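> Sending over run.cif (mmCIF, C-alpha atoms).
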```cif
data_start
#
loop_
_atom_site.label_atom_id
_atom_site.label_comp_id
_atom_site.auth_asym_id
_atom_site.auth_seq_id
_atom_site.Cartn_x
_atom_site.Cartn_y
_atom_site.Cartn_z
CA ALA A 1 113.84 45.90 -10.59
CA GLN A 2 116.22 47.01 -13.27
CA SER A 3 119.94 46.45 -13.00
CA VAL A 4 123.07 46.33 -15.06
CA THR A 5 126.00 43.94 -15.03
CA GLN A 6 129.36 44.89 -16.40
CA LEU A 7 131.52 41.89 -17.16
CA GLY A 8 135.14 42.47 -16.28
CA SER A 9 136.24 45.07 -13.79
CA HIS A 10 139.50 45.53 -15.72
CA VAL A 11 140.12 45.25 -19.45
CA SER A 12 143.47 45.70 -21.17
CA VAL A 13 143.92 46.29 -24.88
CA SER A 14 146.83 47.27 -27.06
CA GLU A 15 146.84 50.66 -28.70
CA GLY A 16 145.07 50.32 -32.04
CA ALA A 17 143.15 47.20 -31.03
CA LEU A 18 139.40 46.79 -30.75
CA VAL A 19 137.80 47.90 -27.52
CA LEU A 20 134.85 45.84 -26.27
CA LEU A 21 133.28 46.58 -22.91
CA ARG A 22 130.34 44.43 -21.95
CA CYS A 23 127.08 45.44 -20.34
CA ASN A 24 123.98 43.35 -19.75
CA TYR A 25 120.81 44.71 -18.30
CA SER A 26 117.71 43.30 -16.74
CA SER A 27 114.54 45.15 -17.47
CA SER A 28 110.87 44.37 -17.59
CA VAL A 29 110.21 47.25 -19.98
CA PRO A 30 112.22 48.79 -22.82
CA PRO A 31 114.96 50.63 -21.02
CA TYR A 32 116.91 53.79 -21.44
CA LEU A 33 120.60 52.81 -21.43
CA PHE A 34 123.68 54.95 -21.04
CA TRP A 35 127.45 54.67 -21.19
CA TYR A 36 129.54 57.14 -19.22
CA VAL A 37 133.31 57.61 -19.00
CA GLN A 38 135.22 58.76 -15.95
CA TYR A 39 138.82 59.93 -15.87
CA PRO A 40 140.69 59.80 -12.55
CA ASN A 41 139.33 62.17 -9.91
CA GLN A 42 136.76 63.61 -12.28
CA GLY A 43 133.03 63.40 -12.79
CA LEU A 44 131.24 61.22 -15.31
CA GLN A 45 130.82 62.28 -18.92
CA LEU A 46 128.12 60.87 -21.16
CA LEU A 47 129.48 58.84 -24.08
CA LEU A 48 126.17 57.78 -25.61
CA LYS A 49 122.61 56.80 -24.81
CA TYR A 50 119.98 54.44 -26.16
CA THR A 51 116.43 55.72 -26.23
CA SER A 52 114.83 53.23 -28.67
CA ALA A 53 115.27 55.42 -31.76
CA ALA A 54 118.02 53.20 -33.22
CA THR A 55 119.68 50.02 -32.03
CA LEU A 56 123.17 51.15 -33.06
CA VAL A 57 124.10 54.26 -31.17
CA LYS A 58 127.11 56.37 -31.99
CA GLY A 59 128.74 58.45 -29.32
CA ILE A 60 131.65 60.74 -28.76
CA ASN A 61 135.33 59.87 -29.23
CA GLY A 62 134.57 57.14 -31.79
CA PHE A 63 132.61 54.91 -29.42
CA GLU A 64 129.41 53.13 -30.32
CA ALA A 65 127.07 50.63 -28.71
CA GLU A 66 124.48 48.22 -30.04
CA PHE A 67 121.26 47.47 -28.23
CA LYS A 68 120.37 43.78 -28.54
CA LYS A 69 117.05 43.01 -26.97
CA SER A 70 117.36 39.26 -27.48
CA GLU A 71 120.62 39.22 -25.55
CA THR A 72 119.66 42.04 -23.14
CA SER A 73 123.02 43.59 -23.94
CA PHE A 74 124.39 47.03 -24.67
CA HIS A 75 128.09 46.48 -25.27
CA LEU A 76 130.40 49.43 -25.94
CA THR A 77 132.91 49.22 -28.77
CA LYS A 78 135.59 51.26 -30.46
CA PRO A 79 137.47 49.96 -33.50
CA SER A 80 140.89 51.27 -32.52
CA ALA A 81 141.98 52.08 -28.99
CA HIS A 82 143.91 55.24 -28.25
CA MET A 83 145.99 55.96 -25.19
CA SER A 84 143.55 58.69 -24.22
CA ASP A 85 140.77 56.08 -23.91
CA ALA A 86 142.28 54.80 -20.68
CA ALA A 87 139.57 55.51 -18.10
CA GLU A 88 136.75 53.86 -16.21
CA TYR A 89 133.52 53.20 -18.07
CA PHE A 90 130.08 52.85 -16.53
CA CYS A 91 126.95 51.37 -18.03
CA ALA A 92 123.68 52.64 -16.59
CA VAL A 93 119.98 51.92 -16.98
CA ARG A 94 117.08 54.16 -16.14
CA ARG A 95 114.73 52.17 -14.03
CA GLY A 96 111.42 53.85 -14.59
CA GLY A 97 111.15 57.40 -13.36
CA TYR A 98 113.64 60.02 -14.44
CA GLN A 99 115.53 59.79 -11.20
CA LYS A 100 115.96 56.07 -10.94
CA VAL A 101 119.20 55.37 -12.74
CA THR A 102 121.19 52.30 -11.76
CA PHE A 103 124.89 52.25 -12.52
CA GLY A 104 127.06 49.24 -13.12
CA THR A 105 130.17 48.70 -11.06
CA GLY A 106 132.42 50.01 -13.81
CA THR A 107 135.16 48.67 -16.08
CA LYS A 108 138.63 50.15 -16.02
CA LEU A 109 140.17 50.21 -19.46
CA GLN A 110 143.94 50.06 -19.74
CA VAL A 111 145.54 50.81 -23.11
CA ILE A 112 148.97 49.33 -23.62
CA PRO A 113 151.34 51.14 -25.98
CA ASP B 1 129.61 77.71 -20.26
CA GLY B 2 126.82 75.82 -18.57
CA GLY B 3 127.74 73.16 -16.12
CA ILE B 4 127.89 71.86 -12.59
CA THR B 5 130.41 72.99 -10.01
CA GLN B 6 131.27 71.21 -6.80
CA SER B 7 133.39 72.53 -4.00
CA PRO B 8 135.71 71.85 -2.44
CA LYS B 9 137.55 69.30 -4.58
CA TYR B 10 139.20 67.75 -1.54
CA LEU B 11 137.82 67.83 1.99
CA PHE B 12 139.21 66.45 5.21
CA ARG B 13 137.07 65.90 8.24
CA LYS B 14 137.70 64.80 11.75
CA GLU B 15 135.48 62.13 13.21
CA GLY B 16 132.39 63.59 14.83
CA GLN B 17 132.22 66.64 12.58
CA ASN B 18 129.52 67.51 10.11
CA VAL B 19 130.66 68.78 6.72
CA THR B 20 128.75 70.32 3.84
CA LEU B 21 129.56 69.72 0.19
CA SER B 22 128.48 72.35 -2.30
CA CYS B 23 126.82 71.72 -5.66
CA GLU B 24 125.70 74.44 -8.05
CA GLN B 25 124.35 74.14 -11.59
CA ASN B 26 123.55 76.74 -14.24
CA LEU B 27 121.92 74.33 -16.70
CA ASN B 28 118.42 75.30 -15.59
CA HIS B 29 117.76 71.66 -14.70
CA ASP B 30 114.90 70.83 -12.40
CA ALA B 31 116.33 67.61 -11.01
CA MET B 32 119.48 67.25 -8.96
CA TYR B 33 121.15 64.21 -7.40
CA TRP B 34 123.89 63.19 -5.01
CA TYR B 35 125.84 59.98 -5.47
CA ARG B 36 128.52 58.30 -3.47
CA GLN B 37 131.26 56.40 -5.29
CA ASP B 38 133.43 53.74 -3.69
CA PRO B 39 135.99 51.61 -5.54
CA GLY B 40 134.39 48.62 -7.23
CA GLN B 41 130.85 49.61 -6.23
CA GLY B 42 129.78 52.00 -8.92
CA LEU B 43 127.60 54.95 -7.96
CA ARG B 44 124.99 54.78 -5.24
CA LEU B 45 122.20 57.33 -4.96
CA ILE B 46 122.05 59.28 -1.70
CA TYR B 47 119.33 61.90 -2.30
CA TYR B 48 117.55 63.48 -5.22
CA SER B 49 115.31 66.46 -5.79
CA GLN B 50 113.02 67.47 -8.63
CA ILE B 51 111.80 70.78 -7.30
CA VAL B 52 112.75 73.48 -4.85
CA ASN B 53 112.00 72.64 -1.23
CA ASP B 54 111.39 68.98 -1.99
CA PHE B 55 113.74 66.02 -2.00
CA GLN B 56 113.63 62.25 -1.59
CA LYS B 57 115.90 59.66 -0.07
CA GLY B 58 117.88 57.45 -2.37
CA ASP B 59 119.33 54.05 -1.62
CA ILE B 60 121.84 55.11 1.05
CA ALA B 61 120.47 58.25 2.72
CA GLU B 62 121.31 57.35 6.32
CA GLY B 63 123.81 59.78 7.81
CA TYR B 64 123.27 62.41 5.11
CA SER B 65 121.01 65.43 4.75
CA VAL B 66 120.26 67.85 1.91
CA SER B 67 118.39 71.04 1.18
CA ARG B 68 117.02 72.58 -1.99
CA GLU B 69 116.30 76.23 -1.29
CA LYS B 70 117.20 77.35 -4.80
CA LYS B 71 116.84 75.62 -8.14
CA GLU B 72 120.56 76.00 -8.82
CA SER B 73 121.86 74.67 -5.52
CA PHE B 74 121.70 71.28 -3.78
CA PRO B 75 124.17 71.08 -0.87
CA LEU B 76 124.86 67.78 0.86
CA THR B 77 125.71 67.54 4.55
CA VAL B 78 127.60 64.49 5.74
CA THR B 79 126.73 64.13 9.38
CA SER B 80 128.60 62.45 12.19
CA ALA B 81 126.01 59.69 12.00
CA GLN B 82 127.53 58.48 8.73
CA LYS B 83 129.78 55.66 9.86
CA ASN B 84 132.01 55.41 6.85
CA PRO B 85 131.99 58.76 5.06
CA THR B 86 135.33 58.54 3.26
CA ALA B 87 134.38 58.42 -0.42
CA PHE B 88 134.13 60.35 -3.66
CA TYR B 89 130.89 62.34 -3.87
CA LEU B 90 129.31 63.28 -7.17
CA CYS B 91 126.53 65.74 -7.82
CA ALA B 92 124.45 65.52 -10.97
CA SER B 93 121.49 67.23 -12.60
CA SER B 94 119.00 66.50 -15.36
CA THR B 95 115.81 67.72 -16.94
CA LEU B 96 112.51 66.06 -16.18
CA ASP B 97 111.96 65.33 -19.88
CA SER B 98 111.90 61.54 -20.12
CA SER B 99 113.45 61.58 -23.59
CA GLN B 100 116.33 63.87 -22.67
CA ASN B 101 117.09 62.97 -19.11
CA GLU B 102 120.69 61.91 -19.14
CA GLN B 103 122.42 63.13 -16.04
CA PHE B 104 125.18 65.70 -16.14
CA PHE B 105 127.86 65.36 -13.50
CA GLY B 106 130.03 67.73 -11.56
CA PRO B 107 133.77 67.11 -11.02
CA GLY B 108 133.26 65.55 -7.60
CA THR B 109 134.45 66.09 -4.03
CA ARG B 110 136.75 63.63 -2.34
CA LEU B 111 136.02 63.44 1.36
CA THR B 112 138.51 61.88 3.74
CA VAL B 113 137.84 61.32 7.41
CA LEU B 114 140.95 61.57 9.53
#
```
The structure in this file should be written as structure tokens.

Amino acid sequence: AQSVTQLGSHVSVSEGALVLLRCNYSSSVPPYLFWYVQYPNQGLQLLLKYTSAATLVKGINGFEAEFKKSETSFHLTKPSAHMSDAAEYFCAVRRGGYQKVTFGTGTKLQVIP
Amino acid sequence: DGGITQSPKYLFRKEGQNVTLSCEQNLNHDAMYWYRQDPGQGLRLIYYSQIVNDFQKGDIAEGYSVSREKKESFPLTVTSAQKNPTAFYLCASSTLDSSQNEQFFGPGTRLTVL
């Protein structure tokens, strides 16, 4: 079974500092991996996805993630945090068929001015 | 603009009542999904459908029912059998193309049982 683990339910960074949100996956086959962002009382929006074309994936709003097979990780980063980045972030893995997507428990990012 | 709409945004239900949450998409996606979101638990799959008149149970289907009479529509009914229905409900859709199958989400419906 495929699953994802997000380390840290809450992360706080200062405005302008590096953002690092951690995601580790377990998978018996090369996975499809996703990062989504959710603002309060809204749906999820796709930030980026890994589909084996490139290990460094660039997404929207300046975010990127690197797929590291040896570490089974897909951490999300952004060089400089902005106040508008404050939201909840979800890592997800597709577990086989198109419909079988497992979501992590989420990490709430707080940006301190 | 293509997208997914959910209505209502907020819904209040008395215990013992069934309620139906609406989900409509104009993305021409074949697959549609319903998730339940609770604080600290991520998203859990309730039901999904890949074709009209066919749907499958997800991980937490008990107390819920769905229908898929049209490609664009996938309503979810929360029945009185659902013991703890207060939650945020998200509808999503995707293509069946394995290389392009990220899910697109609606804005959600927050259900509160009074």
> I need the residue nearest chain A from this list: B:Pro85, B:Gly42, B:Gly16, B:Gly2. Use only C-alpha atoms for the distance.
B:Gly42
> Between B:Gln41, B:Asn84, B:Ser67, B:Thr5, single out the one closest to chain A, counting only C-alpha atoms.
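Looking at the shortest contact to chain A, the residue is B:Gln41.
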> Distance CA of Thr105 (chain A)-CA of Tyr89 (chain A), one decimal place?
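Interatomic distance here is 9.0 Å.
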> Applied to the shown file, which residues does the PyMOL selection byres ((chain A) within 7 of (chain B)) return, written as a ChimeraX atom specification?
/A:42-45,98,103-106
> Please compute the CA of Leu76 (chain B)-CA of Val19 (chain B) distance, one decimal, in Å.
8.3 Å
> For Cys23 (chain A), list every protein, DNA or RNA residue within 9 Å, evaluated using only C-alpha atoms, and leave out those in the same chain fewer than 3 positions away; present the list as a ChimeraX atom specification.
/A:4-7,72-76,90-92,104
> I need the residue nearest Val111 (chain A) from this list: A:Leu33, A:Leu46, A:Val93, A:Met83. Use only C-alpha atoms for the distance.
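Closest residue, counting only C-alpha atoms: A:Met83.
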> Starting from the displayed file, determine the output of the PyMOL selection byres ((chain B and resi 23) around 6) and express the residue list as a VMD selection string.
chain B and resid 5 to 6 22 24 73 to 75
> Please provide as a list in words all residues within 8 Å of Glu15 (chain A), with the sequence filter that same-chain residues fewer than 6 positions apart are discarded (counting only C-alpha atoms).
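Final neighbour list, sorted by chain and number: Ser80, Ala81, His82, Met83, Val111, Ile112 and Pro113 of chain A.
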> Could you jot down the CA of Lys83 (chain B) to CA of Arg36 (chain B) separation for me, Å, one decimal place?
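Distance between the two atoms: 13.6 Å.
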> With distances taken over only C-alpha atoms, which of B:Leu21, B:Glu62, B:Thr86, B:Ile46 is nearest to Trp34 (chain B)?
B:Ile46
> Kindly provide, as a PyMOL selection string, the polymer residues lying within 7 Å of (122.2, 62.7, 9.3), counting all atoms listed in the file and using the coordinates exactly as they appear in the file.
chain B and resi 62-65+78-79+81-82
> Out of A:Thr107, A:Thr51, A:Asn41, A:Ser70, which residue has the shortest atom-to-atom distance to Leu111 (chain B) when counting only C-alpha atoms?
A:Asn41
> For Leu48 (chain A), list every protein, DNA or RNA residue within 9 Å, evaluated using only C-alpha atoms, and leave out those in the same chain fewer than 4 positions away; present the list as a list in words.
Leu33, Phe34, Trp35, Tyr36, Val57, Lys58, Gly59, Ile60, Phe63, Glu64 and Ala65 of chain A
> So, counting only C-alpha atoms, which residue among A:Val101, A:Tyr50, A:Lys68, A:Asp85 is closest to Ser14 (chain A)?
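Of A:Val101, A:Tyr50, A:Lys68, A:Asp85, the one nearest Ser14 (chain A), counting only C-alpha atoms, is A:Asp85.
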